[in-house]
Every structure is written in structure tokens, then in C-alpha cells.
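Engineer: Sharing model_32.csv here; it has CSV, C-alpha atoms and all ligand atoms.
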chain,number,residue,atom,x,y,z
A,18,MET,CA,-129.2,-75.2,140.9
A,19,THR,CA,-126.6,-73.9,138.4
A,20,ALA,CA,-122.9,-74.5,138.1
A,21,PRO,CA,-120.7,-72.8,140.7
A,22,ILE,CA,-120.6,-69.0,140.9
A,23,LEU,CA,-117.2,-67.4,141.4
A,24,LEU,CA,-117.4,-64.3,143.6
A,25,THR,CA,-114.3,-62.1,143.8
A,26,GLY,CA,-113.9,-59.5,146.5
A,27,ALA,CA,-115.9,-61.9,148.8
A,28,SER,CA,-114.3,-60.5,152.0
A,29,GLY,CA,-115.3,-56.9,151.1
A,30,ALA,CA,-118.4,-55.0,152.1
A,31,LEU,CA,-120.5,-56.0,149.1
A,32,GLY,CA,-118.9,-59.5,148.8
A,33,ARG,CA,-120.0,-60.4,152.3
A,34,GLN,CA,-123.6,-59.3,151.6
A,35,LEU,CA,-123.7,-61.2,148.3
A,36,THR,CA,-122.2,-64.3,150.0
A,37,ARG,CA,-125.0,-64.2,152.6
A,38,ILE,CA,-127.8,-63.5,150.0
A,39,LEU,CA,-126.6,-66.0,147.4
A,40,GLY,CA,-125.8,-68.6,150.0
A,41,GLU,CA,-129.3,-68.3,151.4
A,42,ALA,CA,-130.6,-68.7,147.9
A,43,GLY,CA,-128.8,-72.1,147.6
A,44,TYR,CA,-126.1,-71.2,145.2
A,45,THR,CA,-122.8,-73.1,145.1
A,46,LEU,CA,-120.2,-70.4,145.7
A,47,ARG,CA,-116.5,-70.2,145.0
A,48,LEU,CA,-115.4,-67.2,147.1
A,49,THR,CA,-112.1,-65.5,146.7
A,50,ASP,CA,-110.3,-62.4,148.0
A,51,ILE,CA,-106.7,-61.4,148.9
A,52,ALA,CA,-108.0,-60.9,152.5
A,53,PRO,CA,-109.3,-63.8,154.6
A,54,PHE,CA,-113.1,-64.3,154.6
A,55,PRO,CA,-114.3,-63.0,158.0
A,56,ASP,CA,-117.7,-64.7,158.4
A,57,ALA,CA,-118.9,-68.3,158.7
A,58,LEU,CA,-119.1,-69.9,155.3
A,59,PRO,CA,-122.6,-70.8,154.0
A,60,PRO,CA,-123.3,-74.4,153.0
A,61,ARG,CA,-121.9,-75.1,149.5
A,62,ALA,CA,-119.3,-72.3,149.7
A,63,VAL,CA,-115.6,-72.7,149.5
A,64,PHE,CA,-113.2,-69.8,150.1
A,65,THR,CA,-109.7,-69.5,148.4
A,66,GLN,CA,-107.3,-66.7,149.3
A,67,ALA,CA,-105.8,-65.3,146.0
A,68,ASP,CA,-104.5,-62.1,144.5
A,69,LEU,CA,-106.4,-61.0,141.3
A,70,ILE,CA,-103.0,-60.5,139.6
A,71,ASP,CA,-102.3,-64.2,140.0
A,72,ALA,CA,-103.5,-65.3,136.5
A,73,PRO,CA,-103.2,-69.1,137.0
A,74,ALA,CA,-105.0,-68.9,140.4
A,75,ILE,CA,-107.9,-66.9,138.8
A,76,THR,CA,-108.1,-69.3,135.8
A,77,ALA,CA,-108.3,-72.3,138.1
A,78,LEU,CA,-111.0,-70.7,140.3
A,79,ALA,CA,-113.1,-69.9,137.3
A,80,ASP,CA,-112.9,-73.3,135.7
A,81,GLY,CA,-116.3,-74.9,135.7
A,82,CYS,CA,-118.2,-71.8,136.8
A,83,SER,CA,-121.2,-70.4,134.9
A,84,THR,CA,-120.8,-66.8,136.2
A,85,ILE,CA,-118.1,-64.7,137.7
A,86,LEU,CA,-119.3,-61.9,140.0
A,87,HIS,CA,-116.3,-59.6,139.9
A,88,PHE,CA,-116.4,-57.4,143.0
A,89,GLY,CA,-112.7,-57.6,144.0
A,90,GLY,CA,-110.1,-54.9,143.6
A,91,ILE,CA,-109.4,-51.3,144.7
A,92,SER,CA,-112.8,-49.8,145.5
A,93,THR,CA,-111.9,-46.2,146.2
A,94,GLU,CA,-109.6,-43.6,144.7
A,95,HIS,CA,-105.8,-44.3,145.0
A,96,PRO,CA,-102.7,-43.4,143.0
A,97,PHE,CA,-102.6,-44.9,139.6
A,98,ASP,CA,-99.9,-47.4,140.4
A,99,VAL,CA,-102.0,-48.8,143.3
A,100,VAL,CA,-105.1,-49.2,141.0
A,101,LEU,CA,-103.1,-50.7,138.1
A,102,GLY,CA,-102.5,-54.2,139.4
A,103,PRO,CA,-105.8,-55.2,140.9
A,104,ASN,CA,-108.2,-53.2,138.7
A,105,ILE,CA,-106.5,-53.4,135.3
A,106,VAL,CA,-104.2,-56.5,135.3
A,107,GLY,CA,-106.6,-58.3,137.6
A,108,LEU,CA,-109.6,-57.4,135.4
A,109,HIS,CA,-107.8,-58.8,132.4
A,110,ASN,CA,-107.2,-62.0,134.3
A,111,ILE,CA,-110.9,-62.2,135.1
A,112,TYR,CA,-111.9,-61.8,131.4
A,113,GLU,CA,-109.3,-64.3,130.2
A,114,ALA,CA,-110.5,-66.8,132.8
A,115,ALA,CA,-114.1,-66.2,131.7
A,116,ARG,CA,-113.2,-66.8,128.1
A,117,LYS,CA,-111.5,-70.1,129.0
A,118,ALA,CA,-114.4,-71.2,131.2
A,119,LYS,CA,-117.1,-69.9,128.9
A,120,ALA,CA,-118.5,-68.0,131.9
A,121,ARG,CA,-120.5,-64.8,132.1
A,122,VAL,CA,-118.9,-61.8,133.9
A,123,VAL,CA,-120.9,-59.5,136.1
A,124,PHE,CA,-118.6,-56.5,136.6
A,125,ALA,CA,-118.9,-54.2,139.6
A,126,SER,CA,-118.5,-50.9,137.7
A,127,SER,CA,-119.2,-47.6,139.3
A,128,ASN,CA,-120.8,-44.2,138.9
A,129,HIS,CA,-117.3,-42.9,139.0
A,130,ALA,CA,-116.9,-44.1,135.4
A,131,ILE,CA,-119.3,-41.3,134.4
A,132,GLY,CA,-118.8,-39.0,137.4
A,133,PHE,CA,-118.0,-35.8,135.5
A,134,HIS,CA,-121.5,-35.6,134.0
A,135,PRO,CA,-123.4,-32.8,135.6
A,136,ARG,CA,-126.2,-33.8,138.0
A,137,SER,CA,-128.7,-31.9,135.9
A,138,ASN,CA,-128.2,-34.4,133.0
A,139,LYS,CA,-130.3,-37.5,133.1
A,140,LEU,CA,-128.2,-40.2,131.6
A,141,ASP,CA,-129.0,-43.3,129.7
A,142,ALA,CA,-126.5,-46.2,129.9
A,143,ASP,CA,-125.0,-45.4,126.4
A,144,CYS,CA,-123.8,-42.0,127.6
A,145,ALA,CA,-120.2,-41.0,127.2
A,146,LEU,CA,-117.7,-42.3,129.8
A,147,ARG,CA,-116.5,-39.4,131.9
A,148,PRO,CA,-114.4,-40.9,134.6
A,149,ASP,CA,-113.7,-38.7,137.7
A,150,SER,CA,-110.6,-40.5,139.2
A,151,PHE,CA,-108.0,-43.1,138.5
A,152,TYR,CA,-110.4,-45.5,140.2
A,153,GLY,CA,-113.2,-44.4,137.8
A,154,LEU,CA,-110.9,-44.7,134.9
A,155,SER,CA,-110.3,-48.3,135.8
A,156,LYS,CA,-114.0,-48.9,135.8
A,157,ALA,CA,-114.4,-47.3,132.4
A,158,TYR,CA,-111.6,-49.5,131.1
A,159,GLY,CA,-113.4,-52.5,132.6
A,160,GLU,CA,-116.6,-51.7,130.7
A,161,LEU,CA,-114.6,-51.3,127.5
A,162,MET,CA,-112.8,-54.6,128.2
A,163,GLY,CA,-116.2,-56.2,128.5
A,164,GLY,CA,-117.1,-54.8,125.1
A,165,MET,CA,-114.0,-56.1,123.5
A,166,TYR,CA,-114.3,-59.6,125.0
A,167,TRP,CA,-118.0,-59.7,123.7
A,168,GLU,CA,-117.2,-58.5,120.2
A,169,LYS,CA,-114.1,-60.7,119.8
A,170,HIS,CA,-114.9,-63.8,121.9
A,171,GLY,CA,-118.6,-63.8,122.7
A,172,VAL,CA,-118.0,-63.5,126.4
A,173,GLU,CA,-121.2,-62.2,128.0
A,174,SER,CA,-121.0,-59.4,130.6
A,175,VAL,CA,-123.2,-57.1,132.6
A,176,SER,CA,-121.4,-54.0,133.9
A,177,VAL,CA,-123.3,-52.7,136.9
A,178,ARG,CA,-122.6,-49.0,137.4
A,179,ILE,CA,-123.1,-49.1,141.2
A,180,GLY,CA,-124.1,-45.8,142.7
A,181,SER,CA,-123.8,-46.0,146.5
A,182,SER,CA,-124.4,-49.4,148.1
A,183,PHE,CA,-124.4,-49.0,151.8
A,184,PRO,CA,-126.9,-49.8,154.6
A,185,GLU,CA,-128.5,-46.4,154.2
A,186,PRO,CA,-127.9,-43.2,152.2
A,187,ALA,CA,-125.5,-40.9,154.1
A,188,ASP,CA,-126.1,-37.6,152.3
A,189,VAL,CA,-128.3,-35.8,149.8
A,190,ARG,CA,-126.4,-37.1,146.8
A,191,MET,CA,-127.1,-40.7,147.8
A,192,LEU,CA,-130.9,-40.0,147.6
A,193,SER,CA,-130.1,-40.3,143.9
A,194,THR,CA,-127.4,-43.0,143.9
A,195,TRP,CA,-128.3,-45.3,146.7
A,196,LEU,CA,-128.6,-49.1,146.0
A,197,SER,CA,-129.9,-51.3,148.8
A,198,TYR,CA,-128.1,-54.6,149.5
A,199,ALA,CA,-131.4,-56.4,148.8
A,200,ASP,CA,-131.8,-54.8,145.4
A,201,LEU,CA,-128.1,-55.6,144.6
A,202,GLY,CA,-128.7,-59.2,145.6
A,203,ARG,CA,-131.8,-59.5,143.4
A,204,LEU,CA,-129.9,-57.9,140.5
A,205,MET,CA,-127.1,-60.5,140.9
A,206,VAL,CA,-129.7,-63.3,140.8
A,207,CYS,CA,-131.2,-61.8,137.6
A,208,CYS,CA,-127.7,-61.6,136.0
A,209,ILE,CA,-127.0,-65.3,136.9
A,210,VAL,CA,-130.3,-66.8,135.7
A,211,ALA,CA,-130.9,-64.6,132.6
A,212,PRO,CA,-130.8,-67.0,129.5
A,213,LYS,CA,-128.8,-64.3,127.6
A,214,THR,CA,-127.3,-61.0,128.6
A,215,GLY,CA,-125.1,-60.1,125.7
A,216,CYS,CA,-122.8,-57.3,126.7
A,217,CYS,CA,-124.9,-54.7,128.6
A,218,ILE,CA,-124.9,-52.0,131.3
A,219,VAL,CA,-127.2,-51.5,134.2
A,220,TRP,CA,-127.4,-48.6,136.6
A,221,GLY,CA,-126.9,-49.9,140.1
A,222,ASN,CA,-129.4,-47.9,142.1
A,223,SER,CA,-132.7,-48.6,143.9
A,224,ALA,CA,-136.0,-47.0,142.8
A,225,ASN,CA,-135.0,-43.5,143.9
A,226,ALA,CA,-137.2,-40.6,142.8
A,227,ALA,CA,-134.1,-38.3,142.5
A,228,THR,CA,-132.2,-40.7,140.2
A,229,TYR,CA,-129.7,-39.2,137.7
A,230,TRP,CA,-130.2,-42.3,135.5
A,231,GLY,CA,-132.6,-43.5,132.8
A,232,ASP,CA,-132.5,-46.3,130.3
A,233,ASP,CA,-130.4,-49.4,130.7
A,234,ALA,CA,-130.7,-53.2,130.3
A,235,ARG,CA,-132.6,-53.9,133.5
A,236,ALA,CA,-135.9,-54.9,131.7
A,237,ASP,CA,-134.0,-57.5,129.6
A,238,LEU,CA,-132.6,-59.0,132.8
A,239,GLY,CA,-136.0,-58.9,134.6
A,240,TRP,CA,-134.7,-56.7,137.4
A,241,VAL,CA,-137.0,-54.3,139.1
A,242,PRO,CA,-135.5,-52.6,142.2
A,243,GLN,CA,-137.9,-52.8,145.2
A,244,ASP,CA,-136.3,-50.4,147.6
A,245,THR,CA,-136.0,-46.6,147.5
A,246,ALA,CA,-133.8,-44.0,149.1
A,247,ASP,CA,-136.8,-41.7,149.3
A,248,ILE,CA,-137.7,-42.8,152.8
A,249,PHE,CA,-134.4,-41.4,154.1
A,250,ALA,CA,-134.9,-37.9,152.7
A,251,GLY,CA,-135.7,-36.4,156.1
A,252,LYS,CA,-132.7,-38.1,157.7
A,253,VAL,CA,-130.1,-36.7,155.3
A,254,ALA,CA,-131.7,-33.3,154.6
A,255,GLY,CA,-129.1,-30.6,154.5
A,256,LYS,CA,-126.2,-33.0,154.2
A,257,VAL,CA,-124.4,-31.3,151.3
A,258,THR,CA,-120.9,-29.8,151.0
A,259,ASP,CA,-119.9,-26.2,150.2
A,260,ASP,CA,-117.8,-27.3,147.3
A,261,PRO,CA,-119.4,-26.4,143.9
A,262,VAL,CA,-117.4,-29.1,142.1
A,263,VAL,CA,-118.7,-31.8,144.4
A,264,GLU,CA,-122.3,-30.5,144.2
A,265,ARG,CA,-122.3,-30.0,140.4
A,266,HIS,CA,-121.2,-33.5,139.3
A,267,GLN,CA,-122.7,-36.9,139.6
A,268,GLY,CA,-119.4,-38.3,141.0
A,269,GLY,CA,-119.6,-35.9,144.0
A,270,GLY,CA,-116.4,-35.9,146.1
A,271,TYR,CA,-114.4,-37.9,143.7
A,272,CYS,CA,-114.6,-35.1,141.2
A,273,ALA,CA,-113.0,-32.6,143.6
A,274,MET,CA,-110.1,-34.9,144.6
A,275,ASP,CA,-106.8,-33.4,143.3
A,276,TYR,CA,-108.9,-30.9,141.2
A,277,THR,CA,-106.8,-28.0,139.9
A,278,ARG,CA,-109.2,-26.2,137.6
A,279,ALA,CA,-111.1,-23.1,138.6
A,280,ARG,CA,-114.0,-24.1,140.7
L,1,LIG,N1,-120.0,-50.1,147.8
L,1,LIG,C1,-120.3,-49.2,146.8
L,1,LIG,O1,-121.1,-48.3,147.0
L,1,LIG,C2,-119.7,-49.3,145.4
L,1,LIG,C3,-120.0,-48.3,144.5
L,1,LIG,C4,-119.5,-48.5,143.2
L,1,LIG,C5,-118.7,-49.6,142.9
L,1,LIG,N2,-118.4,-50.5,143.8
L,1,LIG,C6,-117.6,-51.6,143.4
L,1,LIG,O2,-118.1,-52.8,144.0
L,1,LIG,C7,-117.0,-53.7,144.4
L,1,LIG,C8,-117.1,-54.0,145.8
L,1,LIG,O3,-117.1,-52.8,146.6
L,1,LIG,P1,-117.0,-52.9,148.2
L,1,LIG,O4,-117.6,-51.6,148.7
L,1,LIG,O5,-117.4,-54.2,148.7
L,1,LIG,O6,-115.4,-52.7,148.4
L,1,LIG,P2,-114.4,-53.4,149.4
L,1,LIG,O7,-113.1,-52.6,149.4
L,1,LIG,O8,-115.1,-53.6,150.7
L,1,LIG,O9,-114.2,-54.8,148.8
L,1,LIG,C9,-113.2,-55.0,147.8
L,1,LIG,C10,-112.5,-56.3,148.1
L,1,LIG,O10,-111.5,-56.6,147.1
L,1,LIG,C11,-110.4,-57.2,147.7
L,1,LIG,N3,-109.2,-56.9,146.9
L,1,LIG,C12,-108.5,-55.8,146.8
L,1,LIG,N4,-107.4,-56.0,146.1
L,1,LIG,C13,-107.4,-57.3,145.7
L,1,LIG,C14,-106.5,-58.1,145.0
L,1,LIG,N5,-105.3,-57.6,144.5
L,1,LIG,N6,-106.8,-59.4,144.8
L,1,LIG,C15,-107.9,-59.9,145.4
L,1,LIG,N7,-108.8,-59.2,146.1
L,1,LIG,C16,-108.5,-57.9,146.3
L,1,LIG,C17,-110.3,-56.5,149.1
L,1,LIG,O11,-109.6,-57.3,150.0
L,1,LIG,C18,-111.8,-56.3,149.4
L,1,LIG,O12,-112.2,-57.4,150.3
L,1,LIG,C19,-115.7,-52.9,144.0
L,1,LIG,O13,-115.2,-53.3,142.8
L,1,LIG,C20,-116.2,-51.5,144.0
L,1,LIG,O14,-115.3,-50.7,143.1
L,1,LIG,C21,-118.9,-50.4,145.1
Rewrite the structure from the file as C-alpha cells, please.
Ligand SMILES: NC(=O)c1ccc[n+]([C@@H]2O[C@H](COP(=O)([O-])OP(=O)(O)OC[C@H]3O[C@@H](n4cnc5c(N)ncnc54)[C@H](O)[C@@H]3O)[C@@H](O)[C@H]2O)c1

Structural biologist:
Amino acid sequence: MTAPILLTGASGALGRQLTRILGEAGYTLRLTDIAPFPDALPPRAVFTQADLIDAPAITALADGCSTILHFGGISTEHPFDVVLGPNIVGLHNIYEAARKAKARVVFASSNHAIGFHPRSNKLDADCALRPDSFYGLSKAYGELMGGMYWEKHGVESVSVRIGSSFPEPADVRMLSTWLSYADLGRLMVCCIVAPKTGCCIVWGNSANAATYWGDDARADLGWVPQDTADIFAGKVAGKVTDDPVVERHQGGGYCAMDYTRAR
């Protein structure tokens, strides 16, 4: 197996899934989060409680790792000063640690980095960033940081614009954006084992017929999603809002938060 994999945000919803999936696949995992890890640790996994803004701790955790799966931080919309530490300062600590360790970064970006694109536009990964929130802005900044560290230092990164990664789609929008946990796990393995990634972007959604998204780097990574939201269409039928701002944009409800323009 490869060198250890560092997983930030290990105690979160996606971190716990990835710990299980990658643990079962036999990876040696260094897990970290500001919150305690709530599950039994898989074999070859070590958990260290740390804050992303603690640069020496993050540097030490990354030392000797081949890949950093960066899933830690503020994962929903919050005031800017709450987002700033974990998602901007913490992200810089991750990229600096990756540079020192010569590790690859897989960054859990978000559809909210491009959320103000209308749903009627099918987007390729090189589309303009149109963040819909302070949270989405931090993800856009993270993608740009990945670009800068690649150009300047040769640090490889894959930014995964995750749509909606939950057990099942919860509304009509998620028939477009849903990413199954199993597809996410398979994508992470592709990101770990790819001989080269350069600096690239992948849309994080399953094989959904109603997708908003087109070209990205998935073929270069060898990732083919195997699940689909389509089978849940009947279950979520009619689950829409009466807010035109929500329904018009890819970012959905995040676009409408604190929205002060005419609807
Ligand atoms: N779940 C989704 O559908 C989805 C969609 C788009 C993007 N993402 C991104 O994927 C990642 C994981 O999402 P999630 O749903 O598991 O979120 P989550 O909130 O469950 O997990 C995030 C983890 O980060 C940890 N964390 C927060 N601040 C920290 C700090 N200062 N230092 C160290 N750890 C800190 C939290 O304790 C938490 O365990 C996030 O970056 C999120 O933005 C998720």
C-alpha cells in the first residue's frame, strides 16, 4: 500500500464515511479533526485532535503522507469571521504542509463556489467562479490557492466540487447534484492512486441524468460514477420551494440567504 493518507474533517459526515471506505480498502490513515472521532478506528488508522489553524500541528500530521484529503472546516454558510480561520487560514496551512511533505491535496470544494450560475446553464469545470455565500467564497479561494501552489511550487491538487453528498437526495435539486458515498469513496481512491493529477477540478456528483455539469478531469483520473440519483425521482417529486432565487440557481438555498436584490 501507499504512504499514509492524511484525512482532515475525519469526524464529520463525509470524513467518517471515507474513514470506513478507505480503512476497508487497507489504507494507512492519519485522521484529524477539531472534534473527537466518534467511531471505532479501523486498523492502521491513528486519530489526532487538532485545529486546522494550528500550522505546526498540521505540518507534523502531513509529514510523510502521500496525499491529504482535505475535508475539514466550516461546511455550511456562516458569517465571514467564522469561515475565515478554518477555511482560509486553515487551507493555507494545508497547502503549506503539502508543499513541505511533497504531498498531493484533494480539496473538498463545493457547488457553492459556482452557485450563482443559472440551472439552465450546463457548466464545464473551467466555468467562471460565481460563489453564492461566504462559505462558497472560501471554496473558490481554495481552488485558486490550489492553482497558485501548482504554478509556483508544483503541488498537485484535485478540487472536487461536491454537489450534495448525503445518504439519499432530499429534494428535486439533488436529483442533479447528488453524490453517493460509494462514488465519493471511489473518487478518493482514484485521486490517491493516479500517477499524476496536475491541478484539476472534478464535479462531485453521481451519474445523474439531470446533472448541471459537463466536462472535467474525471477521465484523466479514471473515475466513473456508478450510482445515480435518478432512482429517487419519484420519492422527491414536488420537493421544490416557492422562492424563484432558490429555484433559478445551481446553489439553491444558499443563493437566497441574506439576498437583498429584487427577486
Ligand atoms: N456533504 C456535502 O454534501 C458537501 C457538499 C459540498 C462540499 N462539502 C465539503 O466537504 C467537506 C466535508 O463535509 P461534511 O458534510 O462532512 O461536513 P461536516 O461539517 O460534517 O464535517 C466537517 C468537519 O470539519 C471539522 N472542523 C471544523 N472546523 C475545524 C477546525 N478549525 N479544525 C479542524 N477541524 C475542523 C468539524 O469538526 C467537522 O467534523 C467540507 O469541507 C464541506 O464543505 C460537503

Engineer: Using all atoms listed in the file, determine which residues lie at most 12 Å from Thr258 in chain A, disregarding the query and same-chain residues fewer than 6 positions distant; provide the list as number ranges by chain.

Structural biologist: A: 188-190, 264-265, 269-270, 273

Engineer: At most 7 Å is the cut-off: for each residue in chain A with any atom that close to an atom of ligand LIG 1 (chain L), write down the nearest atom pair and the distance in Å rounded to one decimal, counting all atoms listed in the file, chain first then increasing number, as CSV.

Structural biologist:
residue,atom,partner,partner_atom,distance
A:Thr25,CA,L:LIG1,N7,6.6
A:Gly26,CA,L:LIG1,O10,3.8
A:Ala27,CA,L:LIG1,O12,6.0
A:Ser28,CA,L:LIG1,O12,4.1
A:Gly29,CA,L:LIG1,O12,3.2
A:Ala30,CA,L:LIG1,O5,3.6
A:Leu31,CA,L:LIG1,O5,3.6
A:Gly32,CA,L:LIG1,O5,5.5
A:Asp50,CA,L:LIG1,N7,4.0
A:Ile51,CA,L:LIG1,C15,4.0
A:Ala52,CA,L:LIG1,O11,4.7
A:Ala67,CA,L:LIG1,C15,5.8
A:Asp68,CA,L:LIG1,N6,3.6
A:Leu69,CA,L:LIG1,N6,3.9
A:Ile70,CA,L:LIG1,N5,6.1
A:Phe88,CA,L:LIG1,C7,4.0
A:Gly89,CA,L:LIG1,O10,3.5
A:Gly90,CA,L:LIG1,C12,3.7
A:Ile91,CA,L:LIG1,C12,5.0
A:Ser92,CA,L:LIG1,O14,3.6
A:Thr93,CA,L:LIG1,O14,6.4
A:Gly102,CA,L:LIG1,N5,6.7
A:Pro103,CA,L:LIG1,N5,4.4
A:Ala125,CA,L:LIG1,O2,4.7
A:Ser126,CA,L:LIG1,C5,5.4
A:Ser127,CA,L:LIG1,C4,4.0
A:Asn128,CA,L:LIG1,C4,6.2
A:Arg178,CA,L:LIG1,C4,6.6
A:Ile179,CA,L:LIG1,C4,4.2
A:Gly180,CA,L:LIG1,C3,5.1
A:Ser181,CA,L:LIG1,O1,3.6
A:Ser182,CA,L:LIG1,O1,3.6
A:Phe183,CA,L:LIG1,O1,5.9

Engineer: CA of Ile111 in chain A and CA of Gln66 in chain A, how far apart in Å?

Structural biologist: 15.3 Å

Engineer: Considering all atoms listed in the file, give me a table of residues in range 183-226 of chain A that are at most 10 Å from range 167-170 of chain A, with the closest atom pair and distance in Å for each, as a Markdown table.

Structural biologist:
| residue | atom | partner | partner_atom | distance |
| --- | --- | --- | --- | --- |
| A:Gly215 | CA | A:Trp167 | CA | 7.4 |
| A:Cys216 | CA | A:Trp167 | CA | 6.1 |
| A:Cys217 | CA | A:Trp167 | CA | 9.8 |

Engineer: With C-alpha atoms retained, export the selected residues as a PDB file, in the coordinates of the input.

Structural biologist:
ATOM      1  CA  GLY A 215    -125.100 -60.100 125.700  1.00  0.00           C
ATOM      2  CA  CYS A 216    -122.800 -57.300 126.700  1.00  0.00           C
ATOM      3  CA  CYS A 217    -124.900 -54.700 128.600  1.00  0.00           C
TER       4      CYS A 217
END

Engineer: In Å, rounded to a single decimal, give me how far CA of Thr245 in chain A is from CA of Pro184 in chain A.

Structural biologist: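 Spanning CA of Pro184 in chain A to CA of Thr245 in chain A is a straight-line distance of 12.0 Å.
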
Engineer: How far is it from CA of Ile105 in chain A to CA of Thr19 in chain A, in Å with one decimal?

Structural biologist: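 Separation between CA of Ile105 in chain A and CA of Thr19 in chain A: 28.9 Å.
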
Engineer: Quick one: residues within 6 Å of (-124.6, -34.8, 133.9) (file frame), counting all atoms listed in the file, please, as a list in words.

Structural biologist: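 Residues found, by chain and rising number: His134, Pro135, Arg136, Ser137 and Asn138 of chain A.
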
Engineer: For Gln267 in chain A, which residue out of A:Ser193, A:Asn110, A:Ser83, A:Thr49 is the nearest one, using all atoms listed in the file?

Structural biologist: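 The shortest atom-to-atom distance to Gln267 in chain A comes from A:Ser193.
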
Engineer: Find the residues near range 232-236 of chain A: any atom within 8 Å, counting all atoms listed in the file, skip ones fewer than 2 places away on the same chain, and give them as a VMD selection string.

Structural biologist: chain A and resid 140 to 143 217 to 220 230 238 to 241

Engineer: Under the rule that only C-alpha atoms are counted, which of A:Gly153, A:Gly43, A:Gly221, A:Pro21 is the nearest residue to Val100 in chain A?

Structural biologist: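 Checking each candidate against Val100 in chain A, we get A:Gly153 as the closest.
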
Engineer: Do a neighbour search on range 202-204 of chain A at 7 Å with only C-alpha atoms, toss out local chain neighbours closer than 2 positions, and write the hits as a list in words.

Structural biologist: Leu35, Ile38, Tyr198, Ala199, Asp200, Val206, Cys207, Cys208 and Trp240 of chain A

Engineer: Using only C-alpha atoms, find the one residue out of A:Pro186, A:Pro59, A:Gly164, A:Gly132 that sits nearest to Tyr271 in chain A.

Structural biologist: A:Gly132
